[in-house]
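Enquirer: As input, take my_file-v7.cif (mmCIF, C-alpha atoms):
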```
data_final
loop_
_atom_site.label_atom_id
_atom_site.label_comp_id
_atom_site.auth_asym_id
_atom_site.auth_seq_id
_atom_site.Cartn_x
_atom_site.Cartn_y
_atom_site.Cartn_z
CA MET A 1 -31.49 -133.19 -133.02
CA LEU A 2 -30.61 -134.61 -136.40
CA ASP A 3 -32.43 -137.62 -137.82
CA ILE A 4 -30.29 -140.72 -137.09
CA LYS A 5 -31.79 -142.38 -140.16
CA LEU A 6 -30.43 -139.56 -142.34
CA ILE A 7 -26.99 -139.93 -140.76
CA ARG A 8 -27.02 -143.68 -141.42
CA GLU A 9 -28.22 -143.43 -145.00
CA GLN A 10 -26.43 -140.26 -146.15
CA PRO A 11 -23.40 -139.72 -143.88
CA ASP A 12 -21.41 -137.86 -146.54
CA LEU A 13 -24.24 -135.38 -147.08
CA VAL A 14 -24.47 -134.77 -143.33
CA ARG A 15 -20.71 -134.29 -143.11
CA GLN A 16 -20.74 -131.86 -146.03
CA ARG A 17 -23.53 -129.71 -144.62
CA LEU A 18 -22.02 -129.69 -141.13
CA ALA A 19 -18.63 -128.76 -142.60
CA SER A 20 -20.21 -125.71 -144.26
CA ARG A 21 -20.76 -124.26 -140.77
CA GLY A 22 -17.02 -124.22 -140.16
CA GLY A 23 -17.23 -125.58 -136.61
CA GLY A 24 -15.60 -128.96 -137.21
CA ASP A 25 -18.71 -130.89 -136.21
CA GLU A 26 -18.48 -133.11 -139.29
CA THR A 27 -15.71 -135.05 -137.55
CA ARG A 28 -18.22 -136.34 -134.99
CA VAL A 29 -20.34 -138.18 -137.56
CA THR A 30 -18.00 -141.19 -137.61
CA GLU A 31 -18.27 -141.54 -133.82
CA VAL A 32 -22.07 -141.24 -133.97
CA LEU A 33 -22.19 -144.02 -136.57
CA ALA A 34 -19.84 -146.24 -134.54
CA LEU A 35 -21.98 -145.91 -131.42
CA ASP A 36 -25.13 -146.46 -133.44
CA GLU A 37 -23.65 -149.60 -135.00
CA ALA A 38 -22.60 -150.92 -131.58
CA ARG A 39 -26.15 -150.41 -130.33
CA ARG A 40 -27.73 -152.11 -133.32
CA LYS A 41 -25.26 -155.02 -133.23
CA ALA A 42 -26.06 -155.64 -129.55
CA LEU A 43 -29.81 -155.55 -130.24
CA VAL A 44 -29.48 -158.00 -133.15
CA GLU A 45 -27.55 -160.40 -130.95
CA VAL A 46 -30.19 -160.05 -128.22
CA GLU A 47 -32.93 -161.07 -130.64
CA LYS A 48 -30.90 -164.09 -131.74
CA ILE A 49 -30.29 -165.19 -128.15
CA LYS A 50 -33.96 -164.70 -127.28
CA ALA A 51 -34.88 -166.98 -130.17
CA ASP A 52 -32.43 -169.58 -128.85
CA ARG A 53 -33.89 -169.24 -125.35
CA ASN A 54 -37.42 -169.73 -126.67
CA ARG A 55 -36.31 -172.84 -128.55
CA ILE A 56 -34.63 -174.26 -125.44
CA SER A 57 -37.72 -173.50 -123.34
CA LYS A 58 -39.75 -175.67 -125.69
CA GLU A 59 -37.13 -178.43 -125.39
CA ILE A 60 -37.44 -178.25 -121.61
CA GLY A 61 -41.18 -178.85 -121.92
CA VAL A 62 -40.55 -181.92 -124.06
CA LEU A 63 -37.92 -183.28 -121.64
CA MET A 64 -40.25 -182.81 -118.70
CA ALA A 65 -42.99 -184.68 -120.57
CA GLN A 66 -40.50 -187.49 -121.23
CA LYS A 67 -39.71 -187.56 -117.49
CA LYS A 68 -36.08 -186.56 -117.98
CA PRO A 69 -35.70 -184.06 -115.12
CA ALA A 70 -31.88 -184.07 -115.05
CA GLU A 71 -31.65 -183.13 -118.71
CA ALA A 72 -34.42 -180.58 -118.28
CA GLU A 73 -32.58 -178.97 -115.37
CA ALA A 74 -29.41 -178.70 -117.45
CA ARG A 75 -31.32 -176.94 -120.19
CA LYS A 76 -32.87 -174.61 -117.59
CA GLN A 77 -29.36 -173.59 -116.58
CA ASP A 78 -28.68 -172.85 -120.25
CA THR A 79 -31.68 -170.50 -120.34
CA ARG A 80 -30.45 -168.74 -117.19
CA ASN A 81 -27.03 -168.26 -118.79
CA LEU A 82 -28.70 -166.87 -121.89
CA GLY A 83 -30.78 -164.53 -119.73
CA ASP A 84 -27.59 -163.16 -118.16
CA ARG A 85 -26.12 -162.61 -121.61
CA ILE A 86 -29.30 -160.81 -122.74
CA ALA A 87 -29.11 -158.48 -119.73
CA GLU A 88 -25.45 -157.79 -120.49
CA LEU A 89 -26.17 -156.99 -124.15
CA ASP A 90 -29.18 -154.83 -123.23
CA GLN A 91 -26.90 -152.79 -120.99
CA GLN A 92 -24.34 -152.48 -123.79
CA ALA A 93 -27.05 -151.30 -126.19
CA ALA A 94 -28.41 -148.78 -123.66
CA THR A 95 -24.91 -147.41 -122.94
CA ALA A 96 -24.14 -147.03 -126.66
CA GLU A 97 -27.52 -145.38 -127.28
CA ALA A 98 -27.04 -142.90 -124.43
CA ALA A 99 -23.55 -142.00 -125.65
CA ARG A 100 -24.81 -141.65 -129.23
CA ASP A 101 -27.70 -139.41 -128.20
CA GLN A 102 -25.49 -137.21 -126.00
CA LEU A 103 -23.15 -136.72 -128.93
CA MET A 104 -26.04 -135.95 -131.27
CA LEU A 105 -27.30 -133.27 -128.88
CA ARG A 106 -24.05 -131.43 -129.61
CA LEU A 107 -24.41 -131.58 -133.39
CA PRO A 108 -25.97 -128.39 -134.83
CA SER A 109 -28.80 -128.30 -137.34
CA LEU A 110 -27.99 -128.78 -141.02
CA PRO A 111 -28.08 -125.54 -143.06
CA HIS A 112 -30.82 -125.43 -145.70
CA ALA A 113 -29.71 -125.65 -149.34
CA THR A 114 -30.65 -121.98 -149.90
CA VAL A 115 -28.30 -120.73 -147.17
CA PRO A 116 -25.10 -119.16 -148.60
CA VAL A 117 -21.83 -120.74 -147.54
CA GLY A 118 -19.66 -118.39 -145.49
CA ARG A 119 -17.73 -118.05 -142.27
CA THR A 120 -18.60 -114.71 -140.64
CA ALA A 121 -21.13 -111.89 -140.69
CA GLU A 122 -19.09 -110.31 -143.47
CA ASP A 123 -20.39 -113.10 -145.73
CA ASN A 124 -24.09 -112.40 -145.03
CA PRO A 125 -25.84 -111.05 -148.15
CA VAL A 126 -28.25 -108.13 -147.74
CA VAL A 127 -31.68 -109.24 -148.94
CA ARG A 128 -33.41 -105.85 -148.90
CA ILE A 129 -33.19 -102.37 -147.44
CA HIS A 130 -36.16 -100.37 -146.18
CA GLY A 131 -36.10 -96.59 -146.44
CA GLU A 132 -33.14 -94.25 -146.23
CA LYS A 133 -30.79 -93.47 -143.38
CA PRO A 134 -32.20 -90.45 -141.55
CA THR A 135 -30.38 -87.21 -142.27
CA LEU A 136 -30.08 -85.04 -139.17
CA ALA A 137 -29.15 -81.35 -139.38
CA PHE A 138 -27.09 -81.70 -136.22
CA LYS A 139 -24.62 -84.16 -134.76
CA PRO A 140 -26.75 -87.03 -133.46
CA ARG A 141 -26.55 -87.78 -129.76
CA THR A 142 -26.01 -91.33 -128.60
CA HIS A 143 -28.73 -93.15 -126.72
CA ILE A 144 -26.61 -92.80 -123.59
CA GLU A 145 -26.67 -89.01 -123.84
CA LEU A 146 -30.38 -88.99 -124.61
CA CYS A 147 -31.22 -91.36 -121.76
CA GLU A 148 -29.28 -89.24 -119.29
CA GLN A 149 -30.67 -85.90 -120.51
CA LEU A 150 -34.24 -87.20 -120.57
CA LYS A 151 -33.73 -89.28 -117.40
CA LEU A 152 -34.94 -92.47 -119.15
CA VAL A 153 -32.32 -94.89 -117.82
CA ASP A 154 -30.19 -94.68 -114.70
CA PHE A 155 -27.11 -96.63 -115.77
CA ALA A 156 -25.14 -96.11 -112.56
CA ARG A 157 -27.90 -97.28 -110.23
CA GLY A 158 -28.71 -100.24 -112.48
CA THR A 159 -25.09 -101.32 -112.01
CA LYS A 160 -25.34 -100.66 -108.27
CA LEU A 161 -28.39 -102.92 -108.03
CA SER A 162 -27.21 -105.90 -110.08
CA GLY A 163 -23.76 -105.30 -111.52
CA SER A 164 -22.65 -104.37 -115.01
CA GLY A 165 -24.95 -105.25 -117.90
CA PHE A 166 -28.21 -104.43 -116.09
CA LEU A 167 -30.48 -101.42 -116.63
CA LEU A 168 -32.74 -99.32 -114.43
CA TYR A 169 -35.45 -97.69 -116.56
CA THR A 170 -36.93 -94.60 -114.93
CA ASN A 171 -40.02 -92.44 -115.44
CA TRP A 172 -40.61 -91.98 -119.19
CA GLY A 173 -38.00 -94.61 -119.95
CA ALA A 174 -39.97 -97.21 -118.01
CA LYS A 175 -43.19 -96.02 -119.66
CA LEU A 176 -41.63 -96.21 -123.13
CA GLU A 177 -40.36 -99.75 -122.50
CA ARG A 178 -43.85 -100.80 -121.36
CA ALA A 179 -45.48 -99.02 -124.30
CA LEU A 180 -43.23 -100.83 -126.77
CA THR A 181 -44.11 -104.18 -125.20
CA GLN A 182 -47.83 -103.48 -125.37
CA PHE A 183 -47.57 -102.19 -128.93
CA LEU A 184 -45.71 -105.31 -130.10
CA LEU A 185 -48.09 -107.76 -128.43
CA GLU A 186 -51.15 -105.95 -129.77
CA LEU A 187 -49.72 -105.80 -133.29
CA HIS A 188 -48.83 -109.48 -133.50
CA SER A 189 -51.93 -110.80 -131.74
CA THR A 190 -54.52 -108.64 -133.50
CA GLN A 191 -53.02 -108.12 -136.97
CA HIS A 192 -50.58 -110.97 -137.58
CA GLY A 193 -52.56 -113.94 -136.31
CA TYR A 194 -50.51 -114.97 -133.26
CA THR A 195 -52.08 -116.17 -130.01
CA GLU A 196 -50.67 -114.28 -127.04
CA VAL A 197 -49.36 -116.37 -124.15
CA SER A 198 -47.63 -115.38 -120.95
CA PRO A 199 -45.10 -118.10 -120.04
CA PRO A 200 -43.05 -118.77 -116.90
CA TYR A 201 -39.70 -116.99 -116.80
CA ILE A 202 -38.03 -120.05 -115.26
CA VAL A 203 -37.84 -123.31 -117.23
CA SER A 204 -36.59 -126.85 -116.77
CA ARG A 205 -33.38 -128.24 -118.18
CA ASP A 206 -35.44 -130.33 -120.62
CA CYS A 207 -36.88 -127.16 -122.13
CA MET A 208 -33.39 -125.74 -122.64
CA ILE A 209 -32.30 -128.97 -124.32
CA GLY A 210 -35.46 -128.96 -126.43
CA VAL A 211 -34.71 -125.64 -128.13
CA GLY A 212 -30.99 -126.36 -128.47
CA GLN A 213 -29.74 -123.99 -125.75
CA PHE A 214 -28.23 -126.95 -123.89
CA PRO A 215 -25.71 -128.45 -123.81
CA LYS A 216 -24.03 -126.06 -126.29
CA PHE A 217 -24.70 -122.78 -124.45
CA GLU A 218 -24.96 -123.91 -120.85
CA ASP A 219 -22.14 -121.53 -119.87
CA GLN A 220 -24.31 -118.58 -120.95
CA ALA A 221 -27.33 -119.44 -118.78
CA TYR A 222 -28.40 -118.26 -115.34
CA ALA A 223 -29.12 -121.34 -113.21
CA VAL A 224 -31.62 -121.08 -110.35
CA ARG A 225 -31.18 -122.54 -106.88
CA GLU A 226 -34.20 -123.13 -104.65
CA GLY A 227 -33.38 -121.48 -101.36
CA ASN A 228 -30.46 -123.22 -99.66
CA ASP A 229 -30.97 -126.50 -101.50
CA ALA A 230 -27.66 -126.91 -103.36
CA ALA A 231 -28.97 -130.07 -105.05
CA SER A 232 -31.62 -128.03 -106.88
CA LEU A 233 -29.02 -125.96 -108.74
CA GLY A 234 -29.04 -126.93 -112.41
CA THR A 235 -32.64 -128.12 -112.63
CA LEU A 236 -34.23 -124.74 -113.42
CA TYR A 237 -32.97 -121.74 -115.42
CA LEU A 238 -33.94 -118.14 -116.14
CA VAL A 239 -35.17 -117.94 -119.72
CA PRO A 240 -32.65 -116.65 -122.30
CA THR A 241 -35.68 -115.87 -124.49
CA ALA A 242 -39.39 -116.72 -124.45
CA GLU A 243 -38.58 -119.28 -127.14
CA ALA A 244 -37.46 -121.67 -124.38
CA PRO A 245 -40.87 -122.01 -122.68
CA VAL A 246 -43.16 -121.23 -125.63
CA ALA A 247 -41.62 -123.58 -128.20
CA ASN A 248 -41.87 -126.33 -125.56
CA ILE A 249 -45.57 -125.81 -124.81
CA HIS A 250 -46.45 -128.95 -126.80
CA ARG A 251 -43.33 -130.97 -126.04
CA GLU A 252 -43.92 -134.75 -125.87
CA GLU A 253 -47.36 -134.32 -127.45
CA ILE A 254 -48.87 -135.69 -130.64
CA LEU A 255 -50.98 -132.92 -132.16
CA LYS A 256 -53.76 -133.35 -134.67
CA GLU A 257 -52.91 -132.21 -138.18
CA ALA A 258 -55.93 -129.88 -138.11
CA GLN A 259 -54.36 -127.98 -135.17
CA LEU A 260 -51.54 -126.70 -137.39
CA PRO A 261 -50.33 -124.10 -137.92
CA ILE A 262 -49.96 -122.90 -134.34
CA ARG A 263 -48.65 -119.36 -133.87
CA TYR A 264 -47.75 -117.92 -130.47
CA CYS A 265 -46.39 -114.55 -129.36
CA ALA A 266 -45.10 -113.86 -125.87
CA TYR A 267 -43.33 -111.18 -123.87
CA SER A 268 -40.55 -112.05 -121.46
CA PRO A 269 -37.45 -110.56 -119.95
CA CYS A 270 -34.40 -112.38 -121.32
CA PHE A 271 -31.41 -113.33 -119.18
CA ARG A 272 -28.04 -114.11 -120.78
CA ALA A 273 -24.80 -114.45 -118.88
CA GLU A 274 -22.81 -114.54 -122.14
CA ALA A 275 -19.67 -115.72 -120.39
CA GLY A 276 -16.58 -114.25 -122.00
CA ALA A 277 -18.55 -112.17 -124.50
CA ALA A 278 -16.71 -109.03 -125.55
CA GLY A 279 -18.57 -105.84 -124.76
CA VAL A 280 -20.74 -107.10 -121.92
CA GLY A 281 -20.58 -104.67 -119.04
CA THR A 282 -19.70 -101.62 -121.13
CA ARG A 283 -21.89 -98.59 -120.58
CA GLY A 284 -25.08 -98.41 -122.61
CA MET A 285 -27.89 -100.65 -123.84
CA ILE A 286 -26.36 -102.46 -126.82
CA ARG A 287 -25.23 -105.56 -124.96
CA VAL A 288 -26.78 -106.35 -121.57
CA HIS A 289 -27.48 -109.36 -119.38
CA GLN A 290 -31.21 -108.65 -119.08
CA PHE A 291 -33.47 -107.21 -121.77
CA ASP A 292 -37.12 -107.38 -122.80
CA LYS A 293 -38.33 -109.10 -125.95
CA VAL A 294 -41.51 -110.16 -127.68
CA GLU A 295 -40.98 -113.58 -129.23
CA LEU A 296 -42.80 -115.19 -132.15
CA ILE A 297 -43.14 -118.98 -132.36
CA LYS A 298 -44.67 -121.13 -135.09
CA ILE A 299 -45.39 -124.87 -135.25
CA VAL A 300 -46.17 -125.77 -138.85
CA LYS A 301 -46.28 -128.62 -141.36
CA PRO A 302 -42.87 -129.22 -142.97
CA GLN A 303 -44.08 -128.27 -146.45
CA HIS A 304 -45.08 -124.82 -145.15
CA GLY A 305 -41.98 -124.10 -143.05
CA PHE A 306 -40.13 -121.74 -145.34
CA ASP A 307 -43.20 -119.83 -146.51
CA GLU A 308 -44.02 -119.30 -142.84
CA LEU A 309 -40.47 -118.06 -142.27
CA GLU A 310 -40.88 -115.36 -144.91
CA ALA A 311 -44.18 -114.33 -143.32
CA MET A 312 -42.56 -114.15 -139.87
CA VAL A 313 -39.83 -111.87 -141.19
CA ALA A 314 -42.50 -109.62 -142.70
CA ASN A 315 -44.28 -109.51 -139.32
CA ALA A 316 -41.10 -108.35 -137.59
CA GLU A 317 -40.38 -105.81 -140.36
CA LYS A 318 -43.82 -104.30 -139.87
CA VAL A 319 -42.77 -103.21 -136.39
CA LEU A 320 -39.92 -101.11 -137.74
CA GLN A 321 -41.97 -99.73 -140.60
CA LEU A 322 -44.69 -98.50 -138.24
CA LEU A 323 -42.08 -96.88 -135.99
CA GLY A 324 -40.48 -95.05 -138.91
CA LEU A 325 -37.08 -96.76 -138.65
CA HIS A 326 -34.58 -97.49 -141.41
CA TYR A 327 -33.44 -101.11 -141.51
CA ARG A 328 -32.04 -103.88 -143.65
CA VAL A 329 -32.70 -107.63 -143.83
CA VAL A 330 -29.72 -109.98 -144.15
CA LEU A 331 -29.61 -113.72 -144.77
CA LEU A 332 -27.16 -115.41 -142.44
CA CYS A 333 -24.47 -117.56 -144.02
CA THR A 334 -23.68 -121.08 -142.82
CA GLY A 335 -20.90 -119.97 -140.48
CA ASP A 336 -22.95 -117.23 -138.78
CA MET A 337 -26.21 -119.12 -138.17
CA GLY A 338 -27.53 -120.15 -134.79
CA PHE A 339 -26.96 -123.67 -133.48
CA ALA A 340 -30.53 -124.94 -134.01
CA SER A 341 -31.37 -123.03 -137.18
CA ALA A 342 -31.60 -124.34 -140.73
CA LYS A 343 -32.14 -120.84 -142.17
CA THR A 344 -32.08 -117.43 -140.50
CA TYR A 345 -32.81 -113.84 -141.47
CA ASP A 346 -31.57 -111.01 -139.27
CA ILE A 347 -33.24 -107.60 -139.28
CA GLU A 348 -30.81 -104.79 -138.49
CA VAL A 349 -32.07 -101.31 -137.64
CA TRP A 350 -30.04 -98.16 -138.19
CA ALA A 351 -29.00 -96.23 -135.08
CA PRO A 352 -27.74 -92.72 -136.05
CA GLY A 353 -26.00 -92.09 -132.73
CA GLN A 354 -24.04 -95.32 -133.09
CA GLY A 355 -23.49 -94.84 -136.81
CA THR A 356 -24.18 -98.51 -137.37
CA TYR A 357 -26.87 -101.15 -137.77
CA LEU A 358 -28.11 -103.05 -134.70
CA GLU A 359 -29.70 -106.48 -134.85
CA VAL A 360 -33.22 -106.25 -133.40
CA SER A 361 -34.71 -109.42 -134.81
CA SER A 362 -33.53 -112.86 -135.81
CA CYS A 363 -36.09 -115.14 -137.51
CA SER A 364 -35.28 -118.80 -138.02
CA ASN A 365 -36.76 -122.02 -139.30
CA CYS A 366 -35.28 -124.86 -137.28
CA GLU A 367 -37.07 -127.43 -139.44
CA ASP A 368 -37.63 -130.60 -137.34
CA TYR A 369 -34.41 -130.17 -135.33
CA GLN A 370 -36.12 -128.87 -132.18
CA SER A 371 -39.28 -130.97 -132.49
CA ARG A 372 -37.11 -134.11 -132.46
CA ARG A 373 -35.31 -132.94 -129.33
CA MET A 374 -38.62 -132.34 -127.54
CA ASN A 375 -40.46 -135.29 -129.17
CA LEU A 376 -43.22 -133.09 -130.56
CA ARG A 377 -45.17 -134.64 -133.44
CA PHE A 378 -48.45 -134.35 -135.29
CA LYS A 379 -50.57 -137.18 -136.67
CA ALA A 380 -51.09 -136.79 -140.41
CA GLU A 381 -54.27 -137.90 -142.17
CA THR A 382 -52.31 -140.96 -143.33
CA GLY A 383 -51.90 -141.97 -139.68
CA GLU A 384 -48.17 -141.27 -139.69
CA ASN A 385 -46.63 -139.31 -136.81
CA ILE A 386 -44.55 -136.46 -138.27
CA PHE A 387 -42.14 -134.00 -136.67
CA PRO A 388 -43.32 -130.44 -137.49
CA HIS A 389 -41.12 -127.48 -138.36
CA LEU A 390 -40.55 -125.06 -135.47
CA LEU A 391 -39.86 -121.40 -136.19
CA ASN A 392 -38.81 -118.64 -133.84
CA GLY A 393 -38.32 -114.93 -134.29
CA SER A 394 -37.85 -111.72 -132.36
CA GLY A 395 -40.81 -109.50 -132.79
CA THR A 396 -38.67 -107.62 -131.62
CA ALA A 397 -35.94 -107.25 -128.98
CA LEU A 398 -36.59 -104.05 -127.05
CA ALA A 399 -33.27 -102.73 -125.73
CA ARG A 400 -31.85 -102.14 -129.20
CA LEU A 401 -35.24 -101.06 -130.56
CA PHE A 402 -35.31 -98.53 -127.70
CA VAL A 403 -31.86 -97.30 -128.79
CA ALA A 404 -32.76 -96.96 -132.48
CA LEU A 405 -36.05 -95.22 -131.72
CA LEU A 406 -34.40 -92.59 -129.51
CA GLU A 407 -31.49 -91.97 -131.85
CA THR A 408 -33.66 -91.84 -135.00
CA HIS A 409 -36.39 -89.55 -133.67
CA GLN A 410 -34.21 -87.17 -131.63
CA GLN A 411 -34.59 -83.47 -132.26
CA ALA A 412 -32.09 -80.60 -132.22
CA ASP A 413 -33.41 -79.35 -128.87
CA GLY A 414 -32.72 -82.71 -127.22
CA SER A 415 -36.30 -83.90 -127.27
CA VAL A 416 -37.47 -87.14 -128.91
CA LEU A 417 -40.60 -87.40 -131.06
CA ILE A 418 -42.82 -90.38 -130.30
CA PRO A 419 -43.99 -92.31 -133.39
CA GLU A 420 -47.75 -92.20 -133.92
CA PRO A 421 -48.44 -95.89 -133.04
CA LEU A 422 -46.94 -95.45 -129.57
CA ARG A 423 -48.78 -92.27 -128.62
CA PRO A 424 -51.99 -93.98 -127.43
CA TYR A 425 -49.90 -95.96 -124.93
CA LEU A 426 -47.73 -93.07 -123.73
CA LYS A 427 -50.37 -90.32 -123.94
CA THR A 428 -47.73 -87.94 -125.30
CA ASP A 429 -46.13 -87.15 -128.63
CA ARG A 430 -42.73 -86.05 -127.37
CA LEU A 431 -40.19 -86.69 -124.64
CA VAL A 432 -38.59 -83.46 -123.49
CA PRO A 433 -35.56 -82.72 -121.27
#
```
Translate the structure of the given file into C-alpha cells.
Expert:
Amino acid sequence: MLDIKLIREQPDLVRQRLASRGGGDETRVTEVLALDEARRKALVEVEKIKADRNRISKEIGVLMAQKKPAEAEARKQDTRNLGDRIAELDQQAATAEAARDQLMLRLPSLPHATVPVGRTAEDNPVVRIHGEKPTLAFKPRTHIELCEQLKLVDFARGTKLSGSGFLLYTNWGAKLERALTQFLLELHSTQHGYTEVSPPYIVSRDCMIGVGQFPKFEDQAYAVREGNDAASLGTLYLVPTAEAPVANIHREEILKEAQLPIRYCAYSPCFRAEAGAAGVGTRGMIRVHQFDKVELIKIVKPQHGFDELEAMVANAEKVLQLLGLHYRVVLLCTGDMGFASAKTYDIEVWAPGQGTYLEVSSCSNCEDYQSRRMNLRFKAETGENIFPHLLNGSGTALARLFVALLETHQQADGSVLIPEPLRPYLKTDRLVP
C-alpha cells in the first residue's frame, strides 16, 4: 500500500509515477484524496464538537451547584444531541476511511527512479548475458520429446488426473524434480545465508492482501472450501508462490532493528488459475497451473533494500551458473513490472528446444509497499517504528528450469547429461532412454 502522507503531500509525483506504468491508475489519486479529505474533515468536526460538549458539561456542573435543575437538564439534552452528532460523524469518517483504504489496495507500487519507462517486455533492457548459447551438432529435441522418450513426465495422465495445465512426473522425472528442489534449498541455506522454512501451502485472505495478490489478482487464485461449508469459501487459498506465507511470517509485528536483515528460503508448490491467460492448457511444461518453486524472501532496512536486491539476483544467477545454463538478466520497465514491485530483474534461461529464453526467476524490491499492507515494522534505535523493505525472488522456478536443463544437456543419442551439482542427489550422471 502506498503511503497516504506521500499522496497528500506530493500528489503530482504519485500521479506521474503511476502513469509511467501505463495502467491508468493515476486517475484514482483524486478520488483517494477526496475520501481522505472527507475523513479528516469529519474528524476535525468531531474534535470541535467534543470540545463544545466538554464545555457544556462544565456548565451543567455550575448550574447544578446553583440549584438550577431545569436549566441543567436543558444543557444535558444539548450534550445528548452533540453525542448523536459525534456518532454520526464518526461513522462518516469510518466509511470514508474504509473506502479510501479499499481504493488504495488497488493502487500498484510506485516504480523506483532507476526503472526505465516502457510499456511492454520489448522495452526491457538486457543488463547482462552469461555464457554463450549452446551449439548442438544435431537438431535439438523439445522438452516434450525428451520427457516422453525418457519417461520423465506423463502429460496425458496428468491431464486425466486434474485437467489441462497439470503434470505427472514419473520415475527419473520425479527424482530430478526432487533433486532440483534439494539442490536449491541446500545452496541458498548453506552458501547464501538464507534460513530455510517450510510454510503452509494454504493461506488466509489477509496474507494474499499483504503481498499484493489481492484484490488485483483474485481471479487467478484457487480458493479452498472446507468440506461442505459453503461459507468457508474465500477465507483460505492455495499459495500462488511461497512468497504469500513467508513474507507474512512477521505480519503485524514490530521487530527489533538488530533482527534485520532477515532472509528466508522456502520450497512450495505454486497454484495459479491464470484465468484467461493465453497458452494455459497447451501441451508441455512452459505454462502450467501447478509448479514447484524455491522462493527467496528478505526483510531489510530501507537503506539496504536495493543492495540486497542485487545480491538476491546474484544468488538466483548462481543456480544457473552451477547447472551450466546460458541466461540473461533483464531489468523490467515500468509497464512490465509486477503490481507490488518498485524494481524487478528477470532472469531468463535459454532453452535450445524452444529456441527462446524462458523466465525462471523474478527478483523484486517492493520497498515498504507490502510491509504497509501487512503492518510489519521495526523499531529503530531512535525509537521510531519504520516499515522495512520486503524483497522476493525465485530461486528458482522449477518447471522451466527442468525444461532448460533437459534441452541444454541433451545428447545426440537422446540421453541427457546430469550437471555435476545434481549427481549426488540423483546418484547418476546421465538419463538414458
Enquirer: Expand the PyMOL selection byres ((chain A and resi 199) around 7) into the individual residues it matches in the shown file, reporting them as JSON, numbers by chain.
Expert: {"A": [197, 198, 200, 201, 245, 246]}
Enquirer: Would you translate the PyMOL selection byres ((chain A and resi 419) around 9) into the concrete set of residues it matches in this file, as a VMD selection string?
Expert: chain A and resid 322 to 324 405 409 417 to 418 420 to 423 429 to 430
Enquirer: Between CA of Asp101 (chain A) and CA of Gly83 (chain A), what is the distance in Å, rounded to a tenth?
Expert: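 Rounded to one decimal, the two atoms are 26.7 Å apart.
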Enquirer: For CA of Leu255 (chain A) and CA of Lys5 (chain A), quote the distance in Å rounded to one decimal.
Expert: 22.8 Å
Enquirer: Each residue of region 272-337 of chain A lying at most 12 Å from region 376-381 of chain A should get a row with its shortest atom-to-atom pair and the distance in Å to one decimal, counting only C-alpha atoms; could you produce that, ordered by chain and increasing number, as CSV?
Expert:
```
residue,atom,partner,partner_atom,distance
A:Ile299,CA,A:Leu376,CA,9.7
A:Val300,CA,A:Phe378,CA,9.6
A:Lys301,CA,A:Phe378,CA,8.6
A:Pro302,CA,A:Phe378,CA,10.8
```
Enquirer: Name the residues that the PyMOL selection byres ((chain A and resi 32) around 9) pulls out of this structure, and write them as a VMD selection string.
Expert: chain A and resid 4 7 28 to 31 33 to 37 99 to 101 103 to 104
Enquirer: Given only C-alpha atoms as the basis, pick out the residue of A:Thr79, A:Thr120, A:Gln182, A:Gln102 nearest to Lys216 (chain A).
Expert: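 For Lys216 (chain A), the nearest of the given residues is A:Gln102.
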Enquirer: Might you pull out every residue within 12 Å of Leu236 (chain A), with all atoms listed in the file counted and same-chain residues fewer than 4 positions away left off, and present them as a PyMOL selection string?
Expert: chain A and resi 200-209+218+221-226+231-232+244-245
Enquirer: Can you pull out every residue within 10 Å of Phe339 (chain A), counting only C-alpha atoms, but drop anything in the same chain fewer than 2 positions away, and send it as a short mmCIF file (atom, residue, chain, number, x, y, z; two decimals) with C-alpha atoms, in the coordinates of the input?
Expert:
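As written to disk, selection.cif reads:
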```cif
data_model
loop_
_atom_site.label_atom_id
_atom_site.label_comp_id
_atom_site.auth_asym_id
_atom_site.auth_seq_id
_atom_site.Cartn_x
_atom_site.Cartn_y
_atom_site.Cartn_z
CA ARG A 21 -20.76 -124.26 -140.77
CA ARG A 106 -24.05 -131.43 -129.61
CA LEU A 107 -24.41 -131.58 -133.39
CA PRO A 108 -25.97 -128.39 -134.83
CA SER A 109 -28.80 -128.30 -137.34
CA LEU A 110 -27.99 -128.78 -141.02
CA PRO A 111 -28.08 -125.54 -143.06
CA VAL A 211 -34.71 -125.64 -128.13
CA GLY A 212 -30.99 -126.36 -128.47
CA GLN A 213 -29.74 -123.99 -125.75
CA LYS A 216 -24.03 -126.06 -126.29
CA PHE A 217 -24.70 -122.78 -124.45
CA GLY A 335 -20.90 -119.97 -140.48
CA ASP A 336 -22.95 -117.23 -138.78
CA MET A 337 -26.21 -119.12 -138.17
CA SER A 341 -31.37 -123.03 -137.18
CA ALA A 342 -31.60 -124.34 -140.73
CA CYS A 366 -35.28 -124.86 -137.28
#
```
Enquirer: Near region 352-354 of chain A, counting all atoms listed in the file, which residues have an atom at most 12 Å away, once you skip same-chain residues fewer than 2 positions from it, shown as a PyMOL selection string?
Expert: chain A and resi 132-146+284-286+325-327+349-350+356-358+400+403-410
Enquirer: I'd like the neighbourhood of Cys265 (chain A) as a list of chain:residue names, where a residue qualifies if any of its atoms comes within 8 Å (using all atoms listed in the file), though same-chain residues fewer than 2 positions away should be ignored.
Expert: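 Once the adjacent positions are removed, what remains is A:Leu185, A:His188, A:Ser189, A:Tyr194, A:Thr195, A:Glu196, A:Val197, A:Arg263, A:Tyr267, A:Val294, A:Glu295, A:Leu296, A:Ile297.
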Enquirer: Restricting the calculation to all atoms listed in the file, which member of A:Lys76, A:Lys48, A:Arg287, A:Arg178 is positioned closest to Leu426 (chain A)?
Expert: A:Arg178
Enquirer: Which residues are near Cys147 (chain A)? Cut-off 9 Å, only C-alpha atoms, ignore same chain within fewer than 6 positions. Put them as a list in words.
Expert: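 Here the qualifying residues turn out to be Val153, Asp154, Phe155, Gly173 and Leu406 of chain A.
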Enquirer: Which value, in Å to one decimal, gives the distance between CA of Tyr369 (chain A) and CA of Met1 (chain A)?
Expert: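 A separation of 4.8 Å between them.
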